[in-house]
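Q: Just input14.txt, nothing more (compact mmCIF, C-alpha atoms):
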# COMPACT_ATOMS: atom_id res chain seq x y z
CA MET A 1 55.00 -31.53 1.19
CA ARG A 2 52.46 -28.75 1.61
CA ILE A 3 52.18 -25.10 0.54
CA THR A 4 52.48 -22.70 3.46
CA GLY A 5 51.92 -19.39 1.70
CA ILE A 6 52.32 -17.11 -1.31
CA GLU A 7 54.46 -13.99 -1.08
CA PRO A 8 54.47 -11.18 -3.67
CA VAL A 9 57.73 -9.25 -4.11
CA ALA A 10 57.83 -6.09 -6.26
CA VAL A 11 60.93 -4.12 -7.21
CA ARG A 12 60.92 -0.61 -8.65
CA VAL A 13 62.15 -0.52 -12.24
CA ASN A 14 61.26 2.69 -14.11
CA ARG A 15 58.50 4.96 -15.37
CA ARG A 16 56.96 2.06 -17.29
CA GLY A 17 56.29 -0.11 -14.27
CA ASP A 18 57.75 -2.54 -11.77
CA TRP A 19 58.75 -6.20 -11.79
CA VAL A 20 56.44 -8.27 -9.59
CA PHE A 21 57.64 -11.69 -8.46
CA VAL A 22 55.79 -14.43 -6.64
CA LEU A 23 57.26 -16.79 -4.05
CA VAL A 24 55.40 -19.99 -3.19
CA HIS A 25 56.66 -21.35 0.15
CA THR A 26 56.43 -24.96 1.36
CA ASP A 27 56.82 -26.75 4.68
CA GLU A 28 59.90 -28.61 3.42
CA GLY A 29 61.91 -25.44 2.82
CA LEU A 30 61.51 -25.37 -0.95
CA THR A 31 60.42 -22.04 -2.42
CA GLY A 32 59.19 -21.63 -5.97
CA LEU A 33 59.71 -18.44 -7.97
CA GLY A 34 57.48 -16.90 -10.65
CA GLU A 35 56.91 -13.50 -12.25
CA ALA A 36 53.61 -11.61 -12.47
CA GLY A 37 54.38 -8.15 -13.83
CA GLN A 38 52.42 -6.04 -16.33
CA SER A 39 49.01 -7.22 -15.22
CA GLY A 40 47.63 -3.69 -15.49
CA ASN A 41 46.99 -3.23 -11.76
CA ASP A 42 49.61 -4.43 -9.27
CA ALA A 43 47.45 -3.70 -6.22
CA LEU A 44 44.62 -5.85 -7.54
CA LEU A 45 47.14 -8.50 -8.56
CA VAL A 46 48.33 -8.73 -4.96
CA ALA A 47 44.72 -9.08 -3.84
CA PHE A 48 44.27 -12.04 -6.18
CA LEU A 49 47.49 -13.58 -4.88
CA LYS A 50 46.12 -13.32 -1.34
CA GLU A 51 42.94 -15.05 -2.48
CA PHE A 52 44.98 -17.76 -4.18
CA SER A 53 47.11 -18.19 -1.07
CA ALA A 54 44.00 -18.88 1.00
CA GLN A 55 43.03 -21.60 -1.47
CA LEU A 56 46.49 -23.15 -1.78
CA VAL A 57 47.76 -23.29 1.80
CA GLY A 58 47.87 -26.92 2.85
CA GLN A 59 47.77 -28.19 -0.74
CA ASP A 60 50.38 -30.41 -2.42
CA PRO A 61 52.57 -28.19 -4.69
CA LEU A 62 53.34 -31.16 -6.93
CA ALA A 63 49.67 -31.41 -8.02
CA ILE A 64 50.01 -28.60 -10.56
CA ASN A 65 47.20 -29.68 -12.89
CA ARG A 66 44.61 -29.82 -10.12
CA LEU A 67 45.72 -26.56 -8.52
CA ARG A 68 45.76 -24.73 -11.83
CA GLN A 69 42.28 -26.00 -12.67
CA ASN A 70 40.96 -24.69 -9.36
CA LEU A 71 42.61 -21.28 -9.73
CA ALA A 72 41.41 -20.89 -13.32
CA ARG A 73 37.83 -20.78 -12.02
CA VAL A 74 38.47 -17.34 -10.52
CA ASP A 75 36.87 -14.82 -12.88
CA GLY A 76 39.24 -11.88 -12.76
CA GLY A 77 40.28 -11.25 -16.34
CA ARG A 78 43.88 -10.46 -17.25
CA ILE A 79 44.93 -9.64 -13.68
CA ALA A 80 43.78 -12.95 -12.18
CA ARG A 81 45.24 -14.82 -15.12
CA THR A 82 48.60 -13.11 -14.58
CA ALA A 83 48.52 -14.10 -10.92
CA LEU A 84 47.65 -17.68 -11.88
CA SER A 85 50.46 -17.79 -14.44
CA ALA A 86 53.02 -16.68 -11.87
CA VAL A 87 51.88 -19.25 -9.32
CA GLU A 88 52.06 -21.95 -12.01
CA GLN A 89 55.65 -20.95 -12.82
CA ALA A 90 56.57 -21.15 -9.14
CA LEU A 91 54.98 -24.58 -8.76
CA TRP A 92 57.07 -25.96 -11.62
CA ASP A 93 60.13 -24.47 -9.91
CA ILE A 94 59.23 -26.41 -6.75
CA VAL A 95 58.67 -29.64 -8.69
CA GLY A 96 62.03 -29.31 -10.41
CA GLN A 97 63.83 -28.62 -7.15
CA TYR A 98 62.04 -31.55 -5.49
CA ALA A 99 63.04 -33.89 -8.32
CA GLY A 100 66.54 -32.45 -8.61
CA VAL A 101 66.16 -31.64 -12.32
CA PRO A 102 65.63 -28.48 -14.40
CA ILE A 103 62.09 -27.67 -15.45
CA HIS A 104 62.85 -28.40 -19.08
CA ALA A 105 63.70 -31.99 -18.14
CA LEU A 106 60.17 -32.37 -16.76
CA PHE A 107 58.90 -31.45 -20.24
CA GLY A 108 61.05 -34.04 -21.98
CA GLY A 109 64.31 -32.15 -22.27
CA LYS A 110 65.86 -29.50 -24.47
CA VAL A 111 66.01 -29.48 -28.23
CA ARG A 112 68.37 -26.50 -28.05
CA ASP A 113 70.84 -25.36 -25.37
CA ARG A 114 70.62 -21.63 -26.02
CA LEU A 115 67.97 -19.26 -27.32
CA ARG A 116 68.35 -16.31 -29.63
CA LEU A 117 67.21 -13.04 -28.04
CA TYR A 118 66.05 -9.78 -29.52
CA ALA A 119 66.61 -6.53 -27.66
CA ASN A 120 63.41 -4.60 -27.08
CA ILE A 121 64.83 -1.09 -26.71
CA ASN A 122 61.49 0.66 -26.22
CA ARG A 123 61.45 0.72 -22.42
CA HIS A 124 64.97 2.12 -22.33
CA VAL A 125 64.55 4.97 -24.79
CA ALA A 126 63.70 8.29 -23.14
CA ASP A 127 64.79 10.43 -26.11
CA ARG A 128 62.02 9.45 -28.54
CA SER A 129 63.58 11.15 -31.54
CA PRO A 130 64.84 9.07 -34.47
CA GLU A 131 68.36 9.73 -33.23
CA GLY A 132 67.49 8.55 -29.72
CA PHE A 133 66.10 5.26 -30.99
CA ALA A 134 69.06 4.83 -33.33
CA ARG A 135 71.61 5.35 -30.53
CA ALA A 136 69.95 2.76 -28.32
CA ALA A 137 69.67 0.24 -31.15
CA LYS A 138 73.33 0.67 -32.07
CA GLN A 139 74.37 0.19 -28.43
CA ALA A 140 72.38 -3.03 -28.17
CA VAL A 141 73.97 -4.32 -31.37
CA ASP A 142 77.40 -3.39 -30.06
CA GLU A 143 76.61 -5.56 -27.01
CA GLY A 144 76.04 -8.56 -29.26
CA PHE A 145 72.31 -8.55 -30.05
CA THR A 146 71.49 -9.45 -33.65
CA ALA A 147 67.83 -8.44 -33.54
CA ILE A 148 66.13 -5.24 -32.33
CA LYS A 149 62.51 -4.25 -31.64
CA LEU A 150 61.09 -0.80 -31.15
CA ALA A 151 57.62 0.68 -30.64
CA PRO A 152 57.89 3.91 -32.62
CA PHE A 153 54.31 5.13 -32.98
CA ASP A 154 54.01 7.45 -29.98
CA GLU A 155 51.80 9.87 -31.91
CA LEU A 156 49.03 7.30 -32.41
CA ARG A 157 47.78 7.31 -28.82
CA GLU A 158 44.64 9.30 -29.60
CA ARG A 159 41.87 7.63 -31.58
CA ASP A 160 41.29 10.73 -33.72
CA HIS A 161 44.86 11.04 -34.99
CA VAL A 162 45.37 11.96 -38.65
CA ARG A 163 45.67 8.74 -40.66
CA THR A 164 46.29 9.87 -44.25
CA GLY A 165 48.18 12.44 -46.23
CA ALA A 166 51.34 14.41 -45.64
CA GLN A 167 50.38 15.16 -42.01
CA ALA A 168 49.57 11.56 -41.08
CA ALA A 169 50.47 10.90 -37.44
CA TRP A 170 52.33 7.69 -38.29
CA ARG A 171 55.01 9.38 -40.39
CA PRO A 172 57.34 10.25 -37.44
CA GLY A 173 57.16 6.60 -36.39
CA VAL A 174 58.28 5.40 -39.80
CA ALA A 175 61.12 7.94 -39.63
CA ARG A 176 62.24 6.36 -36.34
CA VAL A 177 62.24 2.89 -37.89
CA GLU A 178 64.22 4.15 -40.88
CA ALA A 179 66.78 5.77 -38.54
CA VAL A 180 67.22 2.52 -36.62
CA ARG A 181 67.68 0.54 -39.84
CA ARG A 182 70.39 2.94 -40.99
CA ALA A 183 72.11 2.74 -37.60
CA VAL A 184 72.23 -1.05 -37.32
CA GLY A 185 72.76 -1.96 -40.96
CA ASP A 186 71.17 -4.64 -43.08
CA ALA A 187 72.51 -7.69 -41.21
CA VAL A 188 70.49 -7.05 -38.03
CA ASP A 189 66.87 -8.21 -37.82
CA LEU A 190 64.37 -5.46 -37.04
CA MET A 191 60.85 -5.71 -35.61
CA VAL A 192 58.22 -3.02 -35.09
CA ASP A 193 55.52 -3.13 -32.38
CA CYS A 194 52.45 -0.97 -33.01
CA HIS A 195 50.70 -1.57 -29.66
CA ALA A 196 47.39 -1.95 -31.53
CA ARG A 197 47.11 1.78 -32.22
CA MET A 198 45.89 1.60 -35.80
CA GLU A 199 42.85 0.63 -37.82
CA THR A 200 43.04 -1.75 -40.73
CA SER A 201 43.49 0.51 -43.76
CA GLU A 202 45.99 2.67 -41.88
CA ALA A 203 47.95 -0.42 -40.82
CA ILE A 204 48.19 -1.59 -44.42
CA THR A 205 49.42 1.83 -45.55
CA VAL A 206 52.04 1.98 -42.78
CA GLY A 207 53.23 -1.56 -43.45
CA ARG A 208 53.76 -0.76 -47.11
CA ALA A 209 55.56 2.47 -46.16
CA MET A 210 58.14 0.41 -44.26
CA VAL A 211 58.88 -2.05 -47.06
CA ASP A 212 62.46 -0.77 -47.48
CA CYS A 213 63.15 -1.32 -43.75
CA ASP A 214 63.12 -5.10 -44.34
CA LEU A 215 61.26 -5.99 -41.13
CA MET A 216 61.46 -9.40 -39.49
CA TRP A 217 57.86 -8.79 -38.39
CA TYR A 218 55.13 -6.16 -38.02
CA GLU A 219 53.54 -6.61 -34.59
CA GLU A 220 49.93 -6.08 -33.59
CA PRO A 221 48.89 -3.04 -35.65
CA VAL A 222 45.33 -3.75 -34.45
CA LYS A 223 44.15 -5.55 -31.31
CA HIS A 224 44.27 -9.32 -31.16
CA THR A 225 40.53 -9.27 -30.51
CA PHE A 226 40.04 -8.49 -34.23
CA PRO A 227 41.62 -11.55 -35.87
CA ASP A 228 39.74 -10.98 -39.13
CA GLN A 229 41.32 -7.54 -39.45
CA LEU A 230 44.76 -8.89 -38.56
CA ALA A 231 44.34 -11.54 -41.25
CA ARG A 232 43.46 -8.87 -43.81
CA ILE A 233 46.56 -6.88 -42.84
CA SER A 234 48.76 -9.98 -43.02
CA GLN A 235 47.59 -10.63 -46.56
CA ALA A 236 48.21 -7.03 -47.64
CA VAL A 237 51.59 -6.07 -46.16
CA PRO A 238 54.97 -7.21 -47.53
CA MET A 239 56.44 -8.47 -44.24
CA PRO A 240 55.49 -11.20 -41.71
CA THR A 241 53.10 -10.24 -38.92
CA ALA A 242 52.93 -11.14 -35.22
CA SER A 243 50.34 -10.95 -32.43
CA ALA A 244 48.60 -12.66 -29.48
CA GLU A 245 50.69 -11.45 -26.52
CA SER A 246 47.71 -11.06 -24.17
CA ILE A 247 45.76 -14.25 -24.83
CA PHE A 248 45.11 -16.78 -22.06
CA GLY A 249 45.06 -20.52 -22.58
CA VAL A 250 45.37 -22.59 -25.72
CA GLU A 251 41.62 -22.22 -26.22
CA GLY A 252 42.10 -18.45 -26.48
CA PHE A 253 44.41 -19.00 -29.45
CA ARG A 254 41.70 -20.87 -31.34
CA PRO A 255 41.01 -18.04 -33.87
CA PHE A 256 44.74 -17.86 -34.63
CA LEU A 257 44.96 -21.60 -35.26
CA LEU A 258 41.83 -22.29 -37.29
CA GLU A 259 42.88 -19.78 -39.95
CA ARG A 260 46.09 -17.97 -40.86
CA VAL A 261 45.77 -14.70 -38.94
CA VAL A 262 49.44 -13.81 -38.40
CA ASP A 263 52.75 -15.54 -39.11
CA VAL A 264 54.20 -15.52 -35.59
CA LEU A 265 52.36 -16.15 -32.30
CA MET A 266 53.59 -14.43 -29.14
CA PRO A 267 52.30 -16.11 -25.96
CA ASP A 268 53.54 -14.47 -22.75
CA VAL A 269 54.35 -16.84 -19.87
CA LYS A 270 53.05 -14.17 -17.45
CA HIS A 271 49.60 -14.04 -19.02
CA CYS A 272 48.95 -17.21 -21.04
CA GLY A 273 48.62 -19.57 -18.06
CA GLY A 274 52.26 -20.42 -17.39
CA LEU A 275 54.86 -22.85 -18.66
CA ALA A 276 52.71 -25.87 -19.46
CA GLU A 277 50.15 -23.70 -21.25
CA MET A 278 52.87 -22.03 -23.31
CA ARG A 279 54.05 -25.46 -24.44
CA ALA A 280 50.50 -26.48 -25.29
CA ILE A 281 50.07 -23.31 -27.35
CA ALA A 282 53.38 -23.95 -29.10
CA GLU A 283 52.43 -27.54 -29.92
CA ALA A 284 49.08 -26.43 -31.34
CA ALA A 285 50.85 -23.74 -33.37
CA GLY A 286 53.26 -26.33 -34.70
CA LEU A 287 50.37 -28.29 -36.18
CA CYS A 288 49.58 -25.15 -38.19
CA ASN A 289 53.22 -24.49 -39.19
CA LEU A 290 53.28 -21.34 -37.08
CA LEU A 291 56.33 -20.07 -35.23
CA ILE A 292 56.46 -19.07 -31.55
CA ALA A 293 58.30 -15.94 -30.38
CA PRO A 294 57.31 -15.40 -26.73
CA HIS A 295 56.31 -11.90 -25.69
CA ASN A 296 58.60 -11.05 -22.78
CA PRO A 297 59.28 -7.37 -22.01
CA SER A 298 59.87 -8.70 -18.51
CA GLY A 299 62.31 -9.31 -15.70
CA PRO A 300 64.79 -12.20 -15.47
CA VAL A 301 62.36 -14.66 -13.85
CA ALA A 302 59.83 -14.60 -16.71
CA THR A 303 62.75 -14.80 -19.12
CA ALA A 304 64.02 -17.95 -17.41
CA ALA A 305 60.54 -19.46 -17.28
CA SER A 306 59.98 -18.76 -20.98
CA ALA A 307 63.34 -20.31 -21.75
CA HIS A 308 62.51 -23.57 -19.96
CA ALA A 309 59.30 -23.87 -21.97
CA VAL A 310 60.47 -22.97 -25.46
CA CYS A 311 63.85 -24.72 -25.37
CA THR A 312 61.79 -27.93 -25.58
CA ILE A 313 59.80 -27.06 -28.74
CA PRO A 314 60.86 -27.27 -32.40
CA ASN A 315 58.94 -24.21 -33.68
CA PHE A 316 60.66 -21.59 -31.49
CA LEU A 317 61.86 -18.50 -33.37
CA ILE A 318 63.27 -15.91 -30.93
CA LEU A 319 62.70 -14.62 -27.37
CA GLU A 320 62.13 -11.01 -26.32
CA TYR A 321 64.60 -9.38 -23.91
CA ALA A 322 63.82 -6.08 -22.14
CA TRP A 323 67.10 -4.34 -22.86
CA GLY A 324 68.50 -1.45 -20.87
CA GLU A 325 65.77 -0.98 -18.26
CA VAL A 326 68.01 -1.05 -15.17
CA ASP A 327 71.75 -1.44 -14.69
CA TRP A 328 71.31 -3.90 -11.78
CA ARG A 329 69.32 -6.57 -13.62
CA ALA A 330 72.33 -8.89 -13.78
CA GLU A 331 72.61 -8.80 -9.97
CA LEU A 332 68.91 -9.32 -9.23
CA THR A 333 69.11 -13.10 -9.57
CA GLU A 334 71.60 -15.66 -8.40
CA PRO A 335 73.17 -16.62 -10.72
CA GLY A 336 72.82 -13.83 -13.27
CA GLU A 337 71.41 -14.48 -16.71
CA ALA A 338 73.89 -16.24 -19.00
CA ILE A 339 73.69 -14.00 -22.08
CA ARG A 340 76.44 -13.92 -24.67
CA ASP A 341 76.44 -12.68 -28.27
CA GLY A 342 72.69 -12.17 -28.13
CA TYR A 343 71.91 -15.71 -26.94
CA LEU A 344 70.62 -16.94 -23.58
CA SER A 345 71.99 -20.24 -22.29
CA VAL A 346 69.25 -22.30 -20.66
CA SER A 347 69.95 -23.28 -17.04
CA ASP A 348 70.46 -26.95 -16.17
CA ALA A 349 70.17 -26.33 -12.41
CA PRO A 350 67.19 -27.85 -10.57
CA GLY A 351 63.88 -26.10 -11.06
CA LEU A 352 64.01 -22.66 -12.61
CA GLY A 353 67.70 -22.43 -11.77
CA TYR A 354 67.53 -18.94 -10.28
CA HIS A 355 66.87 -17.29 -6.92
CA LEU A 356 66.30 -13.63 -6.08
CA ASN A 357 69.27 -11.83 -4.57
CA PRO A 358 67.90 -10.56 -1.22
CA ASP A 359 70.29 -7.60 -1.05
CA VAL A 360 69.32 -6.29 -4.48
CA VAL A 361 65.62 -6.87 -3.75
CA ALA A 362 65.95 -4.94 -0.50
CA ALA A 363 67.61 -2.03 -2.29
CA HIS A 364 64.78 -1.67 -4.82
CA ARG A 365 61.73 -3.23 -3.17
CA VAL A 366 58.37 -1.51 -3.48
CA PRO A 367 56.76 -1.16 -0.02
For this file, write the structure as structure tokens.
A:
Amino acid sequence: MRITGIEPVAVRVNRRGDWVFVLVHTDEGLTGLGEAGQSGNDALLVAFLKEFSAQLVGQDPLAINRLRQNLARVDGGRIARTALSAVEQALWDIVGQYAGVPIHALFGGKVRDRLRLYANINRHVADRSPEGFARAAKQAVDEGFTAIKLAPFDELRERDHVRTGAQAAWRPGVARVEAVRRAVGDAVDLMVDCHARMETSEAITVGRAMVDCDLMWYEEPVKHTFPDQLARISQAVPMPTASAESIFGVEGFRPFLLERVVDVLMPDVKHCGGLAEMRAIAEAAGLCNLLIAPHNPSGPVATAASAHAVCTIPNFLILEYAWGEVDWRAELTEPGEAIRDGYLSVSDAPGLGYHLNPDVVAAHRVP
């Protein structure tokens, strides 16, 4: 069996970006599926995929380790790494289809049949008032989700925002979190994503200001490139912390493994190098008694890929689900995602277990 080409497929989602999928075609009729969204530049991503296609045509798709090693030599930062991660996902899909088993069986099999999800409501919420966030959170809970995440600190986009006192720019964000907690009650887990918009002392102040919100975690108040500052914040705030959504390769997680930087690591299957790399990261984290909660504000393909990886590991905590972005998500793949009561059942079909619905793709495809 030989690879005959790589095809990018993008569908229009909303103001926050598109879902970009990658098809790897073979001469035996098997097609692998991966997801490559949120690279930061879709046009450049497609250019990297064309470069990868030129390297991969004629190669054996079952030789994942060799192909990944060759592609990893391309020096293109996050965008090239996202393209590589998507191709890697698609190759595992081909291997699973070829062998007639689900991807998780290739990794030794499941330790759990379903995965708890949390609803990331941020991409859905257009009304950014406390009431707007609260309504969305309550709707997600009514649909069965038992955990909610929001990114409430819109006012912290500028570096010179006010950080202290009664006029501090973070105060409206805390008000949004408080409104969501009131709306969903005490039994629902609540997470807050800061999108690295703070500096260390400010992050400590904000974390302490949210103590009564009983957060499941406080996510990336400063960039992952400052692990010493994240460690200081983790020691000072009253709730667990989380980070590392943009890191590539297990070697990139080294600062988070040598010392206790945060409590929860968040590798993203679209950026970390793919399925096998996510498992390697999880295994390394397990040696340090760290939990894995994959970053995944993504489409259904990355969700399925993440599920195949983390259903095989013991230190999985919870998986992100991009709630409420489009009303046709359930029809985009065949079959649709099996979500019930806030849990995703992991597919036992060969490979990834999903295919794109050509009619839905055609209706929303980006030229």
Q: What does the structure give for the distance between atom CA of Cys272 of chain A and atom CA of Arg2 of chain A, in Å to one decimal?
A: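 It comes out at 25.7 Å.
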Q: From the set A:Val211, A:Ala305, A:Ala43, A:Ile281, which residue has the shortest atom-to-atom contact distance to Phe253 of chain A, counting all atoms listed in the file?
A: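 Closest candidate: A:Ile281.
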Q: Write out, as a tab-separated table, each residue of segment 242-302 of chain A that has an atom at most 8 Å from segment 313-320 of chain A, together with the closest pair of atoms and their distance in Å to one decimal, counting all atoms listed in the file, rows going by chain and rising number.
A:
residue	atom	partner	partner_atom	distance
A:Arg279	CA	A:Ile313	CA	7.4
A:Ala282	CA	A:Ile313	CA	7.1
A:Glu283	CA	A:Ile313	CA	7.5
A:Gly286	CA	A:Asn315	CA	6.1
A:Asn289	CA	A:Asn315	CA	7.9
A:Leu290	CA	A:Asn315	CA	7.2
A:Leu291	CA	A:Asn315	CA	5.1
A:Ile292	CA	A:Phe316	CA	4.9
A:Ala293	CA	A:Ile318	CA	5.0
A:Pro294	CA	A:Leu319	CA	5.5
A:His295	CA	A:Glu320	CA	5.9
A:Asn296	CA	A:Glu320	CA	5.0
A:Pro297	CA	A:Glu320	CA	6.3
Q: Counting all atoms listed in the file, which of A:Arg78, A:Arg68, A:Arg329, A:Lys149 gets nearest to Phe248 of chain A?
A: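 Ranked by minimum distance to Phe248 of chain A, first place goes to A:Arg78.
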Q: Counting only C-alpha atoms, which of A:Ala166, A:Leu49, A:Val188, A:Val222 gets nearest to Val74 of chain A?
A: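 Residue with the minimum atom-to-atom distance to Val74 of chain A: A:Leu49.
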Q: In Å to one decimal, how far is atom CA of Glu325 of chain A from atom CA of Arg176 of chain A?
A: 19.8 Å
Q: Quick one: distance from atom CA of Arg254 of chain A to atom CA of Val237 of chain A in Å, one decimal?
A: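 We find that atom CA of Arg254 of chain A and atom CA of Val237 of chain A lie 23.2 Å from each other.
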Q: If I put a ball of radius 10 Å at (64.9, 8.1, -37.9) in the file's coordinates, which residues poke into it when counting all atoms listed in the file, written as a list in words?
A: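 Those within range, by chain then number, are Arg128, Ser129, Pro130, Glu131, Gly132, Phe133, Ala134, Pro152, Pro172, Gly173, Val174, Ala175, Arg176, Val177, Glu178, Ala179, Val180, Arg181, Arg182 and Ala183 of chain A.
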Q: Need to verify the contact set: segment 330-338 of chain A, 6 Å, only C-alpha atoms, exclusion of same-chain residues closer than 6 positions in sequence. Can you return it as an NGL selection string?
A: :A and (344-345 or 354-357 or 360)
Q: From the set A:Ile103, A:Ile148, A:Ala280, A:Ala126, which residue has the shortest atom-to-atom contact distance to Ala307 of chain A, counting all atoms listed in the file?
A: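 Checking each of A:Ile103, A:Ile148, A:Ala280, A:Ala126 against Ala307 of chain A, counting all atoms listed in the file, the winner is A:Ile103.
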Q: So, counting all atoms listed in the file, which residue among A:Asp42, A:His308, A:Phe48, A:Ala276 is closest to Pro350 of chain A?
A: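 Nearest to Pro350 of chain A: A:His308.
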Q: Please provide as a VMD selection string all residues within 8 Å of segment 84-96 of chain A, with the sequence filter that same-chain residues fewer than 4 positions apart are discarded (counting only C-alpha atoms).
A: chain A and resid 21 to 24 30 to 36 61 to 62 64 68 71 to 72 80 100 to 103 106 269 to 275 305 350 to 352
Q: Need the shell around Gln229 of chain A: protein/DNA/RNA residues with any atom at most 12 Å away, counting all atoms listed in the file. Skip same-chain ones fewer than 2 positions apart. Format as a list of chain:residue names?
A: A:Ala196, A:Met198, A:Glu199, A:Thr200, A:Ser201, A:Glu202, A:Ala203, A:Ile204, A:Glu220, A:Pro221, A:Val222, A:Lys223, A:His224, A:Thr225, A:Phe226, A:Pro227, A:Ala231, A:Arg232, A:Ile233, A:Ser234, A:Gln235, A:Ala236, A:Ser243, A:Pro255, A:Phe256, A:Arg260, A:Val261, A:Val262
Q: Closest to His364 of chain A among A:Trp217, A:Tyr343, A:Trp328, A:Trp170, using only C-alpha atoms?
A: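 Among A:Trp217, A:Tyr343, A:Trp328, A:Trp170, it is A:Trp328 that comes nearest to His364 of chain A.
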Q: Would you compute the box with edges along x, y and z of the file around segment 139-149 of chain A, including every atom the file lists for it and 6 Å extra on each side, and give its centre and edge lengths in Å to one decimal, as JSON?
A:
{"center_x": 70.0, "center_y": -4.6, "center_z": -30.3, "size_x": 26.9, "size_y": 21.6, "size_z": 18.6}
Q: Within 8 Å of Asn122 of chain A, counting all atoms listed in the file, which residues show up once you throw out same-chain ones fewer than 3 positions away? Write them as a list in words, please.
A: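 Within the cut-off, the hits are Val125, Lys149, Leu150 and Ala151 of chain A.
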Q: Extract, using all atoms listed in the file, all DNA, RNA and protein residues at most 10 Å from Gly5 of chain A, discarding same-chain residues fewer than 4 positions from it, and format them as a PyMOL selection string.
A: chain A and resi 23-27+31+49-50+52-58
